[in-house]
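Undergrad: Encoded as structure tokens, here's the structure I'll be asking about.
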Amino acid sequence: MNVDGDRLREDIERTAEFGAIESDEGRGRTVRAASEENGEAREYLVERLEDAGLDVRIDAVGNVVGRWTPESADPDLPPVAAGSHLDSVPEGGIFDGPLGTYAALEAVRTMQEAGAEPERPIAVVSFTEEEGGRFGSGMLGSSVAVGGRSVEAALALEDDDGVSLEDALESIGFRGEGRLNAAGWDAWLELHVEQSERLETVGVPVGVVTDITGITHCDVTIAGEANHAGATPMDDRTDALAAASEFVLDIERAANEVVARESETAVGTVGSLSVSPNATNVVPGRIECGIDVRDIESDSMNEIVSRARSSLARLETSRGVETSLEREFDVEPVSMAERCRTAAREAGEAAGITTMAMHSGAAHDTMQVARVTDAGLLFAPSRGGYSHTPKEWTDWDDCASATQVLAGGMARLAGTTMEG
């Protein structure tokens with residue numbers, strides 16, 4: 001089986017036209033979930049799925065599924081599914097999402113042209129709102145597909161303008177019926193751009209993911225006392241920003257120590273900071289900040305959060321501030337199924353394509369699907385590690401190589417035999 005790299009490129013470049021933005025740094029797009037641009041991208045995908053002879057269904061939250069059931073397959077067997085998403089972050093790149101979606105379709109077309117005879121049906125999937133740029137916090141469609149969120153709750157979500165997901169999907173013609181059930185799949189594979197530079201550094205075209213990082217977000221408040229910057233003596237201040245500066249460094253120190261002692265994949269970031277009243281001539285009275293903690297080990301994530309609480313307790317004593325920490329978002333790390341990893345690894349060997357085992361430091365729909373069925377995740381190199389920016393780029397040859405491995409992995413999982 002040999003994938004058609006030109007056909008794959010054509011689909012990705014056509015999709016890049018929807019929501020395209022002007023950029024001096026590459027090729028970018030802004031495609032918010034259930035927007036007009038997203039509707040155009042969806043319509044193009046449906047056309048391509050139907051052109052390949054797939055039976056297309058849309059569920060109630062807009063998840064798109066194209067099902068291929070050749071004569072060789074038992075229609076009653078759980079299918080092997082693969083895909084990704086079509087939405088993007090604001091001013092994002094052209095590969096994040098579309099590569100995985102169209103690689104799955106190209107894998108099916110490749111099997112069809114090679115006369116492959118899978119024992120199981122194969123499904124190509126595009127999930128709704130993976131990025132979380134408009135409705136919710138991300139991985140929306142996949143969270144519904146695994147039963148983690150109800151259809152009703154998802155449809156009721158509103159964007160910043162008060163438009164519900166239900167109304168937005170209706171407006172683009174993609175408010176379908178029923179609920180896609182990922183638990184009914186035999187296995188799932190997703191191809192995604194790496195969003196880091198490990199593959200590029202070692203010159204390997206395909207990564208086979210072992211684990212997807214867990215994610216914890218904490219909201220922290222540090223309250224001091226706002227006062228006049230000129231009239232308040234230095235020894236009579238309760239400066240919330242000064243306290244927060246110590247806290248930020250404590251988080252960095254905690255993460256570095258956890259990396260050195262427990263888990264080299266752990267990271268901790270204070271990524272947002274809100275200062276009040278935020279005036280040059282006023283001692284800051286209140287700070288709100290957000291912490292992002294990630295790792296493939298839950299214990300190390302918990303350790304960094306524990307260290308954050310200890311830092312705040314120390315600051316209350318040493319600086320007289322009042323503090324709070326709410327762990328408002330918490331997703332456990334997940335491991336990829338061994339049989340999915342093996343299928344991808346063997347597909348690479350059969351095609352003469354080198355693969356490398358690695359973990360994922362970013363969240364993907366696959367981490368949702370892995371909670372209800374066997375799942376695997378593949379990476380293609382990101383030039384310079386750029387993603388979520390017009391600088392995002394994956395060489396077309398690498399796209400084709402990674403798709404070749406995806407196709408072989410899907411074929412193996414579906415119990416495929418070849419004609420002749």
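Just so we're on the same page: first chain in the structure tokens is A, next is B, and so on; residues restart at 1 for each chain, and ligands are numbered from 1 in the order they show up.
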Excluding Leu325 of chain A and any residue of its chain fewer than 5 positions from it, enumerate the residues within 8 Å of it, using only C-alpha atoms, and give them as a VMD selection string.
TA: chain A and resid 218 to 221 309
Undergrad: Could those selected residues go to a file with C-alpha atoms, as a CSV table (one decimal), in the first residue's frame?
TA:
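Ended up saving to again02.csv:
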```csv
chain,number,residue,atom,x,y,z
A,218,CYS,CA,-5.1,26.0,39.2
A,219,ASP,CA,-6.6,29.5,39.8
A,220,VAL,CA,-4.6,31.4,42.4
A,221,THR,CA,-5.5,34.6,44.2
A,309,ARG,CA,0.0,25.4,48.3
```
Undergrad: Tell me, as JSON, numbers by chain, which residues lie within 12 Å of Gly115 of chain A, counting only C-alpha atoms; anything in the same chain fewer than 3 positions away does not count.
TA: {"A": [1, 2, 70, 71, 72, 108, 109, 110, 111, 112, 118, 411, 416, 417, 418, 419, 420]}
Undergrad: Can you tell me how far atom CA of Ala343 of chain A sits from atom CA of Leu406 of chain A, in Å to one decimal?
TA: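 These atoms are spaced 9.0 Å apart.
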Undergrad: From a backbone DSSP assignment, name each residue in segment 26-109 of chain A labelled strand (DSSP E or B), as a PyMOL selection string.
TA: chain A and resi 28-29+55-58+64-68+80-85+92
Undergrad: Excluding same-chain residues fewer than 6 positions from Asp365 of chain A, what lies within 12 Å of it counting only C-alpha atoms, as a compact mmCIF listing (two decimals) with N, CA, C and O atoms, in the first residue's frame?
TA:
```txt
# COMPACT_ATOMS: atom_id res chain seq x y z
N ALA A 82 -10.31 6.36 12.95
CA ALA A 82 -9.15 7.25 12.93
C ALA A 82 -9.61 8.63 12.49
O ALA A 82 -10.64 8.78 11.82
N GLY A 83 -8.86 9.64 12.86
CA GLY A 83 -9.21 11.00 12.46
C GLY A 83 -8.64 12.03 13.39
O GLY A 83 -7.70 11.77 14.14
N SER A 84 -9.24 13.22 13.37
CA SER A 84 -8.78 14.32 14.23
C SER A 84 -9.86 15.40 14.25
O SER A 84 -11.00 15.12 14.56
N HIS A 85 -9.51 16.65 13.88
CA HIS A 85 -10.48 17.76 13.95
C HIS A 85 -10.18 18.78 12.86
O HIS A 85 -9.11 18.75 12.24
N GLY A 97 -4.80 19.29 13.15
CA GLY A 97 -6.17 18.83 12.95
C GLY A 97 -6.40 18.30 11.55
O GLY A 97 -6.65 17.09 11.37
N GLY A 100 -4.43 15.05 10.50
CA GLY A 100 -4.95 13.81 11.04
C GLY A 100 -6.25 13.38 10.40
O GLY A 100 -6.50 12.19 10.17
N THR A 101 -7.11 14.36 10.10
CA THR A 101 -8.40 14.05 9.48
C THR A 101 -8.22 13.48 8.08
O THR A 101 -8.77 12.43 7.73
N VAL A 125 -13.12 10.03 11.26
CA VAL A 125 -13.84 10.90 12.19
C VAL A 125 -13.22 12.29 12.26
O VAL A 125 -12.01 12.45 12.29
N SER A 126 -14.09 13.31 12.29
CA SER A 126 -13.67 14.67 12.61
C SER A 126 -14.48 15.14 13.80
O SER A 126 -15.71 15.30 13.70
N PHE A 127 -13.80 15.36 14.93
CA PHE A 127 -14.48 15.79 16.15
C PHE A 127 -14.75 17.29 16.14
O PHE A 127 -13.98 18.09 15.58
N THR A 128 -15.80 17.68 16.81
CA THR A 128 -16.17 19.09 16.98
C THR A 128 -15.36 19.73 18.11
O THR A 128 -15.17 19.12 19.16
N GLU A 129 -14.90 20.95 17.89
CA GLU A 129 -14.32 21.82 18.92
C GLU A 129 -13.24 21.13 19.77
O GLU A 129 -13.36 20.95 20.97
N GLU A 130 -12.16 20.72 19.09
CA GLU A 130 -11.04 20.15 19.85
C GLU A 130 -10.27 21.24 20.58
O GLU A 130 -9.81 21.05 21.70
N GLU A 131 -10.12 22.40 19.94
CA GLU A 131 -9.25 23.43 20.48
C GLU A 131 -9.85 24.18 21.68
O GLU A 131 -9.11 24.72 22.50
N GLY A 132 -11.16 24.23 21.78
CA GLY A 132 -11.76 25.00 22.87
C GLY A 132 -11.70 26.50 22.66
O GLY A 132 -11.74 27.27 23.61
N GLY A 138 -12.19 22.68 25.39
CA GLY A 138 -11.51 21.83 24.42
C GLY A 138 -11.95 20.39 24.48
O GLY A 138 -12.57 19.94 25.44
N MET A 139 -11.65 19.66 23.38
CA MET A 139 -12.00 18.23 23.25
C MET A 139 -13.49 18.01 23.51
O MET A 139 -13.89 17.04 24.13
N LEU A 140 -14.31 18.92 23.00
CA LEU A 140 -15.74 18.89 23.28
C LEU A 140 -16.43 17.70 22.62
O LEU A 140 -17.12 16.92 23.27
N GLY A 141 -16.24 17.58 21.29
CA GLY A 141 -16.91 16.49 20.58
C GLY A 141 -16.49 15.13 21.07
O GLY A 141 -17.33 14.22 21.22
N SER A 142 -15.19 14.96 21.35
CA SER A 142 -14.72 13.65 21.83
C SER A 142 -15.21 13.39 23.25
O SER A 142 -15.48 12.23 23.61
N SER A 143 -15.37 14.43 24.06
CA SER A 143 -15.87 14.21 25.42
C SER A 143 -17.31 13.71 25.40
O SER A 143 -17.71 12.90 26.24
N VAL A 144 -18.09 14.18 24.43
CA VAL A 144 -19.46 13.68 24.27
C VAL A 144 -19.43 12.24 23.75
O VAL A 144 -20.18 11.38 24.20
N ALA A 145 -18.53 11.97 22.82
CA ALA A 145 -18.45 10.63 22.22
C ALA A 145 -18.05 9.56 23.22
O ALA A 145 -18.39 8.38 23.05
N VAL A 146 -17.34 9.93 24.28
CA VAL A 146 -16.94 8.94 25.29
C VAL A 146 -17.87 8.96 26.50
O VAL A 146 -17.65 8.22 27.47
N ALA A 182 -17.87 6.36 20.97
CA ALA A 182 -16.51 5.86 20.78
C ALA A 182 -16.27 4.54 21.48
O ALA A 182 -15.35 3.79 21.11
N TRP A 188 -8.77 2.97 17.98
CA TRP A 188 -8.71 4.33 17.44
C TRP A 188 -7.25 4.72 17.23
O TRP A 188 -6.38 4.41 18.06
N LEU A 189 -6.98 5.41 16.11
CA LEU A 189 -5.67 5.98 15.86
C LEU A 189 -5.84 7.44 15.42
O LEU A 189 -6.79 7.77 14.70
N GLU A 190 -4.91 8.28 15.85
CA GLU A 190 -4.89 9.68 15.43
C GLU A 190 -3.47 10.06 15.04
O GLU A 190 -2.51 9.74 15.74
N LEU A 191 -3.35 10.76 13.91
CA LEU A 191 -2.08 11.34 13.50
C LEU A 191 -2.15 12.84 13.75
O LEU A 191 -3.13 13.49 13.36
N HIS A 192 -1.11 13.39 14.35
CA HIS A 192 -1.09 14.82 14.68
C HIS A 192 0.32 15.35 14.49
O HIS A 192 1.29 14.59 14.55
N ILE A 212 0.03 10.14 26.98
CA ILE A 212 -0.37 11.53 26.81
C ILE A 212 -0.42 12.18 28.19
O ILE A 212 -0.99 11.64 29.13
N VAL A 334 -2.87 9.53 30.37
CA VAL A 334 -3.36 8.25 29.86
C VAL A 334 -2.26 7.58 29.03
O VAL A 334 -1.46 8.25 28.38
N ARG A 371 -10.04 6.46 27.05
CA ARG A 371 -10.74 6.08 28.28
C ARG A 371 -11.83 5.03 28.04
O ARG A 371 -12.34 4.42 28.99
N ALA A 375 -6.51 2.88 22.10
CA ALA A 375 -6.21 4.06 21.30
C ALA A 375 -4.71 4.22 21.10
O ALA A 375 -3.90 3.80 21.94
N GLY A 376 -4.36 4.82 19.97
CA GLY A 376 -2.97 5.12 19.66
C GLY A 376 -2.86 6.50 19.04
O GLY A 376 -3.80 7.00 18.43
N LEU A 377 -1.69 7.11 19.19
CA LEU A 377 -1.43 8.45 18.68
C LEU A 377 -0.08 8.47 17.97
O LEU A 377 0.91 7.96 18.52
```
